[in-house]
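Student: This is the structure, below, for whatever I ask next.
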Amino acid sequence: MKTFNVPVIYRSPLISAIKNQRKQQDRMKKDFTPTELDFGPLRILLARHFGFCYGVENAIEIAFKTVDENPDKRIFLLSEMIHNPHVNNDLLDRGVQFIMDTSGNQLVPWESLQPDDIVIIPAFGTTLETEQQLASLGIEPLKYNTTCPFVERVWNKADQIGKKNYTVIVHGKPKHEETRATFSHSASGTPTIVVKDIKEAALLAEFITGQRTPDEFNALFKGQYSPGFNPATDLQRVGVVNQTTMLATETQAIADYIRQVMMTHFHLTEATAGERFADTRDTLCYATNDNQTAVTGMLQESADLAIVVGGYNSSNTSHLVELCEEKLPTYFISSPEKMLSAKAINHWDFHHKEEINAGSFLPEKEKVTILLTSGASCPDALVEGVIRRLLSFYQLEHKADEMAIID
């Protein structure tokens with residue numbers, strides 16, 4: 001796989017050494033057991049896969065290279081480059097301005113942009129409407145495009161099934177930048193609707209089967225379907241794609257559920273299911289799959305707690321937290337500094353969208369075991385920082401420099 005020129009501040013020699021050793025031992029990526037880092041009273045189990053993915057490194061390389069090569073130009077990002085505050089703040093510090101926030105609210109008026117301004121499209125991609133807006137201002141919309149190739153793959157899949165007269169169901173968070181972009185691209189060619197979870201998929205199924213009347217549709221799916229969407233006619237043939245960072249098991253459950261609904265309602269067999277349900281297969285990116293599978297493997301081990309590092313608005317990171325929460329006390333932090341002491345930690349409650357303080361998060365016992373992972377937009381340097389911060393609570397920070405990896 002291609003390597004990227006990512007600023008050294010995001011790298012970690014320690015984490016790179018661990019990842020390289022695991023890669024040498026497991027080139028086919030079949031071993032999802034964690035890496036054990038044993039420091040005596042503190043034992044850290046580090047997920048097999050975590051941190052920057054292909055799309056994130058690609059976006060960072062393009063963005064920082066663009067800034068370096070254009071010192072005399074105004075440079076804008078449509079919105080956050082990725083969902084990591086450290087990377088976004090570094091770009092802001094270098095003079096980059098964000099045109100919109102993550103919800104699509106305007107921060108810089110379109111009319112203030114000039115044809116010679118540089119506008120970077122973030123890793124999530126953008127809508128066709130935004131591309132047209134940029135073009136109308138004389139700005140070439142795709143000249144500085146960092147859209148993740150795996151996001152574009154979803155767009156291509158939606159386009160393929162749309163051309164075969166299937167309606168596209170997008171499993172995603174309706175307000176997420178990537179989902180908004182995917183929805184825009186898909187809706188330009190075929191009826192499209194977004195469902196955020198299995199509950200909404202079940203609601204949609206009631207329109208497929210006629211249990212609900214079309215006049216209820218707008219209230220239940222307001223803002224989540226393409227113009228002119230008609231549930232009476234547009235749910236006869238469907239296919240499911242997803243936001244690339246969703247929970248893999250939930251996407252699969254939604255696809256399986258909708259497929260079964262179509263088969264039952266239209267009296268199909270396994271051989272004829274394709275007449276009504278498009279075989280889109282999984283459209284999650286490789287990093288989302290690997291990171292989630294690595295967490296599942298990590299959770300097979302006994303531990304006292306889990307720490308997940310990443311941006312609080314990062315979708316892929318929040319799903320890692322979800323998985324960990326099913327088994328262990330879990331702390332979602334954006335940086336090592338959130339661990340105030342062995343007795344206090346500020347962590348993100350993504351269910352209620354607020355940062356809360358917890359006391360005595362490290363249990364008082366002879367040996368503490370912690371599961372550790374991070375999201376696909378989190379720099380490895382932050383993960384090393386978390387390890388060092390944890391070691392400092394045991395007066396063992398020097399151990400990070402002489403770490404022994406125990407297989």
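Letters A, B, ... go to the chains of the structure tokens in the order shown; residues in each chain start at 1; ligands are counted from 1 in the same order.
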Set the distance at 12 Å and use only C-alpha atoms: which residues neighbour A:Leu37 once local chain neighbours fewer than 3 positions away are removed? I'd like the list as a PyMOL selection string.
Tutor: chain A and resi 14-15+18+34+40-47+368-372+387+391+399-400+402-407
Student: Please produce a file of those selected residues containing N, CA and C atoms, as a PDB file, in the first residue's frame.
Tutor:
```
ATOM      1  N   LEU A  14       7.720   4.658  18.729  1.00  0.00           N
ATOM      2  CA  LEU A  14       7.321   3.524  19.560  1.00  0.00           C
ATOM      3  C   LEU A  14       6.188   2.732  18.922  1.00  0.00           C
ATOM      4  N   ILE A  15       5.128   3.426  18.535  1.00  0.00           N
ATOM      5  CA  ILE A  15       3.975   2.748  17.936  1.00  0.00           C
ATOM      6  C   ILE A  15       4.342   2.170  16.574  1.00  0.00           C
ATOM      7  N   ILE A  18       6.034  -1.118  17.058  1.00  0.00           N
ATOM      8  CA  ILE A  18       5.069  -2.166  17.427  1.00  0.00           C
ATOM      9  C   ILE A  18       4.285  -2.621  16.205  1.00  0.00           C
ATOM     10  N   PRO A  34      -4.478  -8.735  20.556  1.00  0.00           N
ATOM     11  CA  PRO A  34      -3.771  -7.482  20.851  1.00  0.00           C
ATOM     12  C   PRO A  34      -2.290  -7.717  21.137  1.00  0.00           C
ATOM     13  N   GLY A  40       4.767  -4.556  34.534  1.00  0.00           N
ATOM     14  CA  GLY A  40       4.685  -4.931  35.942  1.00  0.00           C
ATOM     15  C   GLY A  40       3.314  -4.618  36.502  1.00  0.00           C
ATOM     16  N   PRO A  41       3.169  -3.528  37.261  1.00  0.00           N
ATOM     17  CA  PRO A  41       1.856  -3.208  37.834  1.00  0.00           C
ATOM     18  C   PRO A  41       0.844  -2.727  36.797  1.00  0.00           C
ATOM     19  N   LEU A  42       1.337  -2.363  35.628  1.00  0.00           N
ATOM     20  CA  LEU A  42       0.466  -1.900  34.543  1.00  0.00           C
ATOM     21  C   LEU A  42       0.675  -2.778  33.312  1.00  0.00           C
ATOM     22  N   ARG A  43      -0.419  -3.302  32.814  1.00  0.00           N
ATOM     23  CA  ARG A  43      -0.371  -4.138  31.609  1.00  0.00           C
ATOM     24  C   ARG A  43      -1.315  -3.517  30.585  1.00  0.00           C
ATOM     25  N   ILE A  44      -0.777  -3.170  29.417  1.00  0.00           N
ATOM     26  CA  ILE A  44      -1.580  -2.549  28.365  1.00  0.00           C
ATOM     27  C   ILE A  44      -1.717  -3.531  27.205  1.00  0.00           C
ATOM     28  N   LEU A  45      -2.955  -3.760  26.786  1.00  0.00           N
ATOM     29  CA  LEU A  45      -3.210  -4.590  25.609  1.00  0.00           C
ATOM     30  C   LEU A  45      -3.597  -3.648  24.475  1.00  0.00           C
ATOM     31  N   LEU A  46      -2.714  -3.547  23.509  1.00  0.00           N
ATOM     32  CA  LEU A  46      -2.865  -2.599  22.408  1.00  0.00           C
ATOM     33  C   LEU A  46      -3.513  -3.294  21.217  1.00  0.00           C
ATOM     34  N   ALA A  47      -4.579  -2.713  20.686  1.00  0.00           N
ATOM     35  CA  ALA A  47      -5.317  -3.345  19.586  1.00  0.00           C
ATOM     36  C   ALA A  47      -4.397  -3.643  18.404  1.00  0.00           C
ATOM     37  N   VAL A 368      -2.959  -3.850  37.015  1.00  0.00           N
ATOM     38  CA  VAL A 368      -4.084  -3.297  36.265  1.00  0.00           C
ATOM     39  C   VAL A 368      -3.885  -3.579  34.781  1.00  0.00           C
ATOM     40  N   THR A 369      -4.940  -4.083  34.124  1.00  0.00           N
ATOM     41  CA  THR A 369      -4.879  -4.363  32.691  1.00  0.00           C
ATOM     42  C   THR A 369      -5.822  -3.421  31.957  1.00  0.00           C
ATOM     43  N   ILE A 370      -5.275  -2.737  30.954  1.00  0.00           N
ATOM     44  CA  ILE A 370      -6.042  -1.747  30.196  1.00  0.00           C
ATOM     45  C   ILE A 370      -6.019  -2.099  28.711  1.00  0.00           C
ATOM     46  N   LEU A 371      -7.189  -2.088  28.097  1.00  0.00           N
ATOM     47  CA  LEU A 371      -7.276  -2.229  26.641  1.00  0.00           C
ATOM     48  C   LEU A 371      -7.157  -0.838  26.034  1.00  0.00           C
ATOM     49  N   LEU A 372      -6.361  -0.714  24.976  1.00  0.00           N
ATOM     50  CA  LEU A 372      -6.112   0.602  24.378  1.00  0.00           C
ATOM     51  C   LEU A 372      -6.220   0.544  22.862  1.00  0.00           C
ATOM     52  N   ILE A 387       0.072   6.098  26.579  1.00  0.00           N
ATOM     53  CA  ILE A 387       0.888   5.070  27.250  1.00  0.00           C
ATOM     54  C   ILE A 387       1.831   5.716  28.258  1.00  0.00           C
ATOM     55  N   LEU A 391       1.881   5.348  32.365  1.00  0.00           N
ATOM     56  CA  LEU A 391       3.090   4.914  33.059  1.00  0.00           C
ATOM     57  C   LEU A 391       3.510   5.909  34.132  1.00  0.00           C
ATOM     58  N   LYS A 399       9.954   3.395  31.289  1.00  0.00           N
ATOM     59  CA  LYS A 399       9.778   2.070  30.693  1.00  0.00           C
ATOM     60  C   LYS A 399       9.356   2.144  29.224  1.00  0.00           C
ATOM     61  N   ALA A 400       8.767   3.267  28.815  1.00  0.00           N
ATOM     62  CA  ALA A 400       8.337   3.405  27.417  1.00  0.00           C
ATOM     63  C   ALA A 400       9.544   3.375  26.493  1.00  0.00           C
ATOM     64  N   GLU A 402      12.264   1.619  26.969  1.00  0.00           N
ATOM     65  CA  GLU A 402      12.927   0.310  26.978  1.00  0.00           C
ATOM     66  C   GLU A 402      11.901  -0.807  26.888  1.00  0.00           C
ATOM     67  N   MET A 403      10.817  -0.464  26.167  1.00  0.00           N
ATOM     68  CA  MET A 403       9.679  -1.388  26.125  1.00  0.00           C
ATOM     69  C   MET A 403      10.028  -2.730  25.495  1.00  0.00           C
ATOM     70  N   ALA A 404       9.553  -3.781  26.102  1.00  0.00           N
ATOM     71  CA  ALA A 404       9.673  -5.124  25.531  1.00  0.00           C
ATOM     72  C   ALA A 404       8.300  -5.584  25.139  1.00  0.00           C
ATOM     73  N   ILE A 405       8.167  -6.050  23.901  1.00  0.00           N
ATOM     74  CA  ILE A 405       6.895  -6.556  23.418  1.00  0.00           C
ATOM     75  C   ILE A 405       6.825  -8.051  23.679  1.00  0.00           C
ATOM     76  N   ILE A 406       5.811  -8.468  24.421  1.00  0.00           N
ATOM     77  CA  ILE A 406       5.647  -9.869  24.778  1.00  0.00           C
ATOM     78  C   ILE A 406       4.626 -10.505  23.859  1.00  0.00           C
ATOM     79  N   ASP A 407       5.023 -11.493  23.116  1.00  0.00           N
ATOM     80  CA  ASP A 407       4.110 -12.141  22.173  1.00  0.00           C
ATOM     81  C   ASP A 407       3.191 -13.090  22.909  1.00  0.00           C
TER      82      ASP A 407
END
```
Student: Excluding A:Pro122 and its own-chain neighbours fewer than 6 positions away, which residues fall within 7 Å of it when counting only C-alpha atoms? Please give them as a count of residues only.
Tutor: 10
Student: Please give the complete set of residues from stretch 316-406 of chain A that DSSP, run on the backbone, assigns to strand (DSSP E or B), formatted as a PyMOL selection string.
Tutor: chain A and resi 330-333+339-341+344-349+354-359+368-374+405-406
Student: Taking into account only C-alpha atoms, which residue in the set A:Pro379, A:Gln292, A:Phe393, A:Glu301 is nearest to A:Thr35?
Tutor: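 Among A:Pro379, A:Gln292, A:Phe393, A:Glu301, it is A:Glu301 that comes nearest to A:Thr35.
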Student: Please determine, counting only C-alpha atoms, which residue among A:Ile208, A:Gly228, A:Ser360, A:Thr330 has the shortest atom-to-atom distance to A:Thr264.
Tutor: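 Among A:Ile208, A:Gly228, A:Ser360, A:Thr330, it is A:Ile208 that comes nearest to A:Thr264.
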Student: May I ask for the distance between atom CA of A:Phe361 and atom CA of A:Ile333, given in Å to one decimal place?
Tutor: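 Here the two named atoms are 12.7 Å from each other.
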Student: Kindly assemble as JSON lines a list of the stretch 12-68 of chain A residues that lie within 12 Å of stretch 312-328 of chain A, each paired with its nearest atom pair and their distance in Å to one decimal, using only C-alpha atoms, sorted first by chain and then by ascending residue number.
Tutor:
```
{"residue": "A:Ala47", "atom": "CA", "partner": "A:Leu320", "partner_atom": "CA", "distance": 10.9}
{"residue": "A:His49", "atom": "CA", "partner": "A:Leu320", "partner_atom": "CA", "distance": 11.6}
{"residue": "A:Phe50", "atom": "CA", "partner": "A:Thr317", "partner_atom": "CA", "distance": 9.8}
{"residue": "A:Gly51", "atom": "CA", "partner": "A:Thr317", "partner_atom": "CA", "distance": 9.8}
{"residue": "A:Phe52", "atom": "CA", "partner": "A:Thr317", "partner_atom": "CA", "distance": 11.5}
{"residue": "A:Cys53", "atom": "CA", "partner": "A:Asn316", "partner_atom": "CA", "distance": 11.2}
```
Student: Report the residues of stretch 55-157 of chain A whose backbone DSSP state falls under helix (DSSP H, G or I), written as a PyMOL selection string.
Tutor: chain A and resi 55-69+85-93+110-112+128-136+149-157
Student: Using only C-alpha atoms, which residues sit within 9 Å of A:Ala381 once same-chain residues fewer than 6 positions away are excluded, as a list in words?
Tutor: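 Once the adjacent positions are removed, what remains is Ile9, Tyr10, Arg11, Ser12, Pro13, Leu14 and Ile15 of chain A.
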Student: Convert the current residue selection to file output with all heavy atoms, as a compact mmCIF listing (two decimals), in the first residue's frame.
Tutor:
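Result file out-v2.txt:
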```txt
# COMPACT_ATOMS: atom_id res chain seq x y z
N ILE A 9 5.17 15.21 13.57
CA ILE A 9 4.51 15.43 14.86
C ILE A 9 3.39 14.42 15.12
O ILE A 9 2.98 14.23 16.27
CB ILE A 9 3.96 16.86 14.99
CG1 ILE A 9 3.00 17.17 13.83
CG2 ILE A 9 5.07 17.87 15.07
CD1 ILE A 9 2.28 18.50 13.99
N TYR A 10 2.89 13.80 14.06
CA TYR A 10 1.81 12.82 14.23
C TYR A 10 2.35 11.39 14.38
O TYR A 10 1.60 10.48 14.71
CB TYR A 10 0.85 12.87 13.05
CG TYR A 10 0.22 14.23 12.83
CD1 TYR A 10 0.06 14.74 11.55
CD2 TYR A 10 -0.20 15.00 13.91
CE1 TYR A 10 -0.51 16.00 11.35
CE2 TYR A 10 -0.77 16.25 13.72
CZ TYR A 10 -0.92 16.74 12.43
OH TYR A 10 -1.47 17.97 12.24
N ARG A 11 3.63 11.23 14.12
CA ARG A 11 4.22 9.90 14.15
C ARG A 11 4.68 9.53 15.55
O ARG A 11 4.89 10.39 16.40
CB ARG A 11 5.42 9.83 13.19
CG ARG A 11 5.09 10.09 11.73
CD ARG A 11 4.25 8.99 11.15
NE ARG A 11 4.13 9.07 9.69
CZ ARG A 11 3.33 8.31 8.97
NH1 ARG A 11 2.58 7.38 9.55
NH2 ARG A 11 3.27 8.44 7.66
N SER A 12 4.87 8.25 15.76
CA SER A 12 5.40 7.74 17.02
C SER A 12 6.36 6.60 16.72
O SER A 12 5.94 5.55 16.24
CB SER A 12 4.27 7.22 17.92
OG SER A 12 4.78 6.35 18.91
N PRO A 13 7.66 6.80 16.97
CA PRO A 13 8.62 5.70 16.75
C PRO A 13 8.24 4.45 17.52
O PRO A 13 8.39 3.33 17.03
CB PRO A 13 9.94 6.30 17.26
CG PRO A 13 9.77 7.78 17.12
CD PRO A 13 8.32 8.04 17.43
N LEU A 14 7.72 4.66 18.73
CA LEU A 14 7.32 3.52 19.56
C LEU A 14 6.19 2.73 18.92
O LEU A 14 6.27 1.51 18.77
CB LEU A 14 6.89 4.05 20.94
CG LEU A 14 6.28 3.04 21.92
CD1 LEU A 14 7.31 1.98 22.28
CD2 LEU A 14 5.77 3.75 23.15
N ILE A 15 5.13 3.43 18.53
CA ILE A 15 3.97 2.75 17.94
C ILE A 15 4.34 2.17 16.57
O ILE A 15 3.91 1.06 16.21
CB ILE A 15 2.78 3.71 17.81
CG1 ILE A 15 2.36 4.23 19.20
CG2 ILE A 15 1.62 3.04 17.11
CD1 ILE A 15 1.96 3.16 20.18
```
Student: So which residues touch A:Glu200 within 12 Å, counting only C-alpha atoms, skipping near sequence neighbours fewer than 2 positions away, as a list in words?
Tutor: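 So the residues in contact are Ile169, Val170, His171, Gly172, Lys173, Pro174, Ile193, Val194, Val195, Lys196, Asp197, Ile198, Ala202, Leu203, Leu204, Ala205, Glu206, Phe207, Phe217, Leu220, Phe221, Gln224, Glu250, Ile254, Tyr257 and Ile258 of chain A.
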Student: Take the residues just selected and output them with N, CA and C atoms as a PDB file, in the first residue's frame.
Tutor:
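File written: out01.pdb
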```pdb
ATOM      1  N   ILE A 169     -30.544   2.764  -0.292  1.00  0.00           N
ATOM      2  CA  ILE A 169     -30.709   3.002   1.141  1.00  0.00           C
ATOM      3  C   ILE A 169     -29.310   3.190   1.723  1.00  0.00           C
ATOM      4  N   VAL A 170     -29.050   4.351   2.306  1.00  0.00           N
ATOM      5  CA  VAL A 170     -27.738   4.646   2.891  1.00  0.00           C
ATOM      6  C   VAL A 170     -27.810   4.467   4.404  1.00  0.00           C
ATOM      7  N   HIS A 171     -27.043   3.534   4.936  1.00  0.00           N
ATOM      8  CA  HIS A 171     -26.932   3.413   6.388  1.00  0.00           C
ATOM      9  C   HIS A 171     -25.866   4.407   6.849  1.00  0.00           C
ATOM     10  N   GLY A 172     -26.307   5.460   7.530  1.00  0.00           N
ATOM     11  CA  GLY A 172     -25.363   6.472   7.966  1.00  0.00           C
ATOM     12  C   GLY A 172     -26.009   7.465   8.910  1.00  0.00           C
ATOM     13  N   LYS A 173     -25.196   8.353   9.432  1.00  0.00           N
ATOM     14  CA  LYS A 173     -25.698   9.424  10.281  1.00  0.00           C
ATOM     15  C   LYS A 173     -26.108  10.579   9.364  1.00  0.00           C
ATOM     16  N   PRO A 174     -27.379  10.932   9.338  1.00  0.00           N
ATOM     17  CA  PRO A 174     -27.881  11.886   8.341  1.00  0.00           C
ATOM     18  C   PRO A 174     -27.132  13.210   8.287  1.00  0.00           C
ATOM     19  N   ILE A 193     -32.544   7.227   0.222  1.00  0.00           N
ATOM     20  CA  ILE A 193     -33.001   7.526   1.579  1.00  0.00           C
ATOM     21  C   ILE A 193     -31.931   7.094   2.569  1.00  0.00           C
ATOM     22  N   VAL A 194     -31.803   7.852   3.663  1.00  0.00           N
ATOM     23  CA  VAL A 194     -30.831   7.543   4.713  1.00  0.00           C
ATOM     24  C   VAL A 194     -31.561   6.936   5.911  1.00  0.00           C
ATOM     25  N   VAL A 195     -31.030   5.829   6.424  1.00  0.00           N
ATOM     26  CA  VAL A 195     -31.513   5.276   7.696  1.00  0.00           C
ATOM     27  C   VAL A 195     -30.331   5.261   8.647  1.00  0.00           C
ATOM     28  N   LYS A 196     -30.549   5.730   9.875  1.00  0.00           N
ATOM     29  CA  LYS A 196     -29.425   5.858  10.801  1.00  0.00           C
ATOM     30  C   LYS A 196     -29.179   4.602  11.623  1.00  0.00           C
ATOM     31  N   ASP A 197     -30.184   3.714  11.716  1.00  0.00           N
ATOM     32  CA  ASP A 197     -30.003   2.522  12.544  1.00  0.00           C
ATOM     33  C   ASP A 197     -31.041   1.464  12.178  1.00  0.00           C
ATOM     34  N   ILE A 198     -30.993   0.355  12.884  1.00  0.00           N
ATOM     35  CA  ILE A 198     -31.892  -0.765  12.590  1.00  0.00           C
ATOM     36  C   ILE A 198     -33.344  -0.392  12.873  1.00  0.00           C
ATOM     37  N   ALA A 202     -36.397  -0.721  10.236  1.00  0.00           N
ATOM     38  CA  ALA A 202     -37.663  -1.412  10.498  1.00  0.00           C
ATOM     39  C   ALA A 202     -38.855  -0.525  10.147  1.00  0.00           C
ATOM     40  N   LEU A 203     -38.721   0.784  10.411  1.00  0.00           N
ATOM     41  CA  LEU A 203     -39.777   1.724  10.011  1.00  0.00           C
ATOM     42  C   LEU A 203     -39.928   1.741   8.497  1.00  0.00           C
ATOM     43  N   LEU A 204     -38.797   1.784   7.813  1.00  0.00           N
ATOM     44  CA  LEU A 204     -38.835   1.813   6.353  1.00  0.00           C
ATOM     45  C   LEU A 204     -39.489   0.544   5.813  1.00  0.00           C
ATOM     46  N   ALA A 205     -39.221  -0.568   6.462  1.00  0.00           N
ATOM     47  CA  ALA A 205     -39.797  -1.845   6.035  1.00  0.00           C
ATOM     48  C   ALA A 205     -41.323  -1.810   6.085  1.00  0.00           C
ATOM     49  N   GLU A 206     -41.870  -1.048   7.009  1.00  0.00           N
ATOM     50  CA  GLU A 206     -43.324  -0.965   7.118  1.00  0.00           C
ATOM     51  C   GLU A 206     -43.946  -0.227   5.927  1.00  0.00           C
ATOM     52  N   PHE A 207     -43.156   0.595   5.264  1.00  0.00           N
ATOM     53  CA  PHE A 207     -43.632   1.224   4.026  1.00  0.00           C
ATOM     54  C   PHE A 207     -43.481   0.257   2.852  1.00  0.00           C
ATOM     55  N   PHE A 217     -44.900   9.130   5.666  1.00  0.00           N
ATOM     56  CA  PHE A 217     -43.476   9.033   5.328  1.00  0.00           C
ATOM     57  C   PHE A 217     -42.702  10.301   5.676  1.00  0.00           C
ATOM     58  N   LEU A 220     -41.782  10.835   9.371  1.00  0.00           N
ATOM     59  CA  LEU A 220     -40.840   9.875   9.929  1.00  0.00           C
ATOM     60  C   LEU A 220     -39.432   9.988   9.351  1.00  0.00           C
ATOM     61  N   PHE A 221     -39.330  10.447   8.097  1.00  0.00           N
ATOM     62  CA  PHE A 221     -38.019  10.512   7.440  1.00  0.00           C
ATOM     63  C   PHE A 221     -37.704  11.900   6.905  1.00  0.00           C
ATOM     64  N   GLN A 224     -34.379  13.185   5.085  1.00  0.00           N
ATOM     65  CA  GLN A 224     -33.522  12.023   4.858  1.00  0.00           C
ATOM     66  C   GLN A 224     -33.781  11.332   3.517  1.00  0.00           C
ATOM     67  N   GLU A 250     -23.952  -3.644  12.484  1.00  0.00           N
ATOM     68  CA  GLU A 250     -25.255  -3.006  12.305  1.00  0.00           C
ATOM     69  C   GLU A 250     -25.595  -2.864  10.821  1.00  0.00           C
ATOM     70  N   ILE A 254     -28.814  -4.542   9.045  1.00  0.00           N
ATOM     71  CA  ILE A 254     -29.790  -3.767   8.267  1.00  0.00           C
ATOM     72  C   ILE A 254     -29.961  -4.370   6.879  1.00  0.00           C
ATOM     73  N   TYR A 257     -31.774  -7.674   7.111  1.00  0.00           N
ATOM     74  CA  TYR A 257     -33.176  -7.460   7.472  1.00  0.00           C
ATOM     75  C   TYR A 257     -33.987  -6.985   6.265  1.00  0.00           C
ATOM     76  N   ILE A 258     -33.487  -5.958   5.578  1.00  0.00           N
ATOM     77  CA  ILE A 258     -34.210  -5.430   4.411  1.00  0.00           C
ATOM     78  C   ILE A 258     -34.326  -6.500   3.330  1.00  0.00           C
TER      79      ILE A 258
END
```
Student: Would you mind listing what lies within 9 Å of A:Leu137 as a PyMOL selection string, with only C-alpha atoms counted and same-chain residues fewer than 5 positions away left out?
Tutor: chain A and resi 110-111+113-115+132
Student: For A:Lys367, which residue out of A:Asp38, A:Asp349, A:Asp68, A:Glu61 is the nearest one, using only C-alpha atoms?
Tutor: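 Of the candidates, the smallest distance to A:Lys367 is held by A:Asp38.
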Student: Find the residues near stretch 148-159 of chain A: any atom within 8 Å, counting only C-alpha atoms, skip ones fewer than 5 places away on the same chain, and give them as a CSV table (one decimal) with N, CA, C and O atoms, in the first residue's frame.
Tutor:
```csv
chain,number,residue,atom,x,y,z
A,54,TYR,N,-5.6,4.9,5.3
A,54,TYR,CA,-5.1,5.3,4.0
A,54,TYR,C,-5.7,6.7,3.7
A,54,TYR,O,-5.1,7.6,3.3
A,55,GLY,N,-7.1,6.8,3.8
A,55,GLY,CA,-7.8,8.0,3.5
A,55,GLY,C,-7.3,9.2,4.3
A,55,GLY,O,-7.2,10.3,3.8
A,56,VAL,N,-7.1,9.0,5.6
A,56,VAL,CA,-6.7,10.1,6.4
A,56,VAL,C,-5.3,10.6,6.1
A,56,VAL,O,-5.0,11.8,6.0
A,58,ASN,N,-3.7,10.2,3.3
A,58,ASN,CA,-3.8,10.8,1.9
A,58,ASN,C,-4.3,12.3,2.1
A,58,ASN,O,-3.7,13.2,1.5
A,59,ALA,N,-5.3,12.5,2.9
A,59,ALA,CA,-5.9,13.9,3.1
A,59,ALA,C,-4.9,14.8,3.7
A,59,ALA,O,-4.7,15.9,3.3
A,123,ALA,N,-11.6,14.8,3.6
A,123,ALA,CA,-11.6,13.4,3.3
A,123,ALA,C,-13.0,12.8,3.2
A,123,ALA,O,-13.2,11.7,2.6
A,124,PHE,N,-14.0,13.4,3.8
A,124,PHE,CA,-15.4,12.9,3.7
A,124,PHE,C,-16.0,13.1,2.3
A,124,PHE,O,-17.1,12.5,2.0
A,125,GLY,N,-15.4,13.9,1.5
A,125,GLY,CA,-16.0,14.3,0.2
A,125,GLY,C,-17.0,15.5,0.4
A,125,GLY,O,-17.1,16.0,1.5
A,168,VAL,N,-31.5,3.5,-3.5
A,168,VAL,CA,-30.4,3.3,-2.6
A,168,VAL,C,-30.8,3.7,-1.2
A,168,VAL,O,-31.3,4.8,-0.9
A,178,GLU,N,-19.9,12.9,5.5
A,178,GLU,CA,-19.7,11.8,4.5
A,178,GLU,C,-21.1,11.4,4.0
A,178,GLU,O,-21.3,11.1,2.8
A,182,THR,N,-22.5,11.4,0.2
A,182,THR,CA,-23.0,10.1,-0.4
A,182,THR,C,-24.4,10.3,-0.9
A,182,THR,O,-24.8,9.9,-2.0
A,185,HIS,N,-24.6,12.5,-4.1
A,185,HIS,CA,-24.1,11.8,-5.3
A,185,HIS,C,-25.1,10.7,-5.7
A,185,HIS,O,-25.4,10.6,-6.9
A,186,SER,N,-25.7,10.0,-4.7
A,186,SER,CA,-26.6,9.0,-5.1
A,186,SER,C,-27.9,9.5,-5.6
A,186,SER,O,-28.5,9.1,-6.6
A,189,GLY,N,-28.9,10.4,-9.2
A,189,GLY,CA,-29.1,9.4,-10.2
A,189,GLY,C,-30.3,8.5,-9.9
A,189,GLY,O,-30.8,7.8,-10.8
A,190,THR,N,-30.7,8.4,-8.6
A,190,THR,CA,-31.7,7.4,-8.3
A,190,THR,C,-32.4,7.8,-6.9
A,190,THR,O,-31.7,8.5,-6.1
A,241,VAL,N,-26.1,0.7,0.9
A,241,VAL,CA,-24.7,1.0,1.0
A,241,VAL,C,-24.6,1.8,2.4
A,241,VAL,O,-25.6,1.9,3.1
A,242,ASN,N,-23.4,2.2,2.7
A,242,ASN,CA,-23.2,2.8,4.0
A,242,ASN,C,-22.2,3.9,4.1
A,242,ASN,O,-21.3,4.0,3.2
A,243,GLN,N,-22.3,4.7,5.1
A,243,GLN,CA,-21.2,5.6,5.5
A,243,GLN,C,-20.1,4.6,5.9
A,243,GLN,O,-20.3,3.7,6.7
A,244,THR,N,-18.9,4.9,5.4
A,244,THR,CA,-17.8,3.9,5.6
A,244,THR,C,-17.3,3.7,7.0
A,244,THR,O,-16.6,2.8,7.2
A,280,THR,N,-25.0,-5.4,-2.9
A,280,THR,CA,-23.9,-4.4,-2.8
A,280,THR,C,-22.7,-4.8,-2.0
A,280,THR,O,-21.7,-4.2,-2.1
A,283,THR,N,-19.8,-2.1,2.1
A,283,THR,CA,-19.1,-0.9,1.6
A,283,THR,C,-18.4,-0.1,2.7
A,283,THR,O,-18.0,1.0,2.5
A,284,LEU,N,-18.1,-0.8,3.8
A,284,LEU,CA,-17.3,-0.2,4.8
A,284,LEU,C,-15.8,-0.2,4.3
A,284,LEU,O,-15.4,-1.1,3.5
A,285,CYS,N,-15.0,0.7,4.8
A,285,CYS,CA,-13.6,0.7,4.4
A,285,CYS,C,-12.8,-0.3,5.1
A,285,CYS,O,-13.3,-0.8,6.2
```
Student: For the atom pair atom CA of A:Val108 and atom CA of A:Ser377, what is the interatomic distance in Å to one decimal place?
Tutor: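 Going from atom CA of A:Val108 over to atom CA of A:Ser377 covers 24.9 Å.
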Student: Atom CA of A:Ala253 and atom CA of A:Arg281 are how many Å apart?
Tutor: 12.2 Å
Student: Might you pull out every residue within 9 Å of A:His86, with only C-alpha atoms counted and same-chain residues fewer than 5 positions away left off, and present them as a ChimeraX atom specification?
Tutor: /A:91,311,334-335,378-379
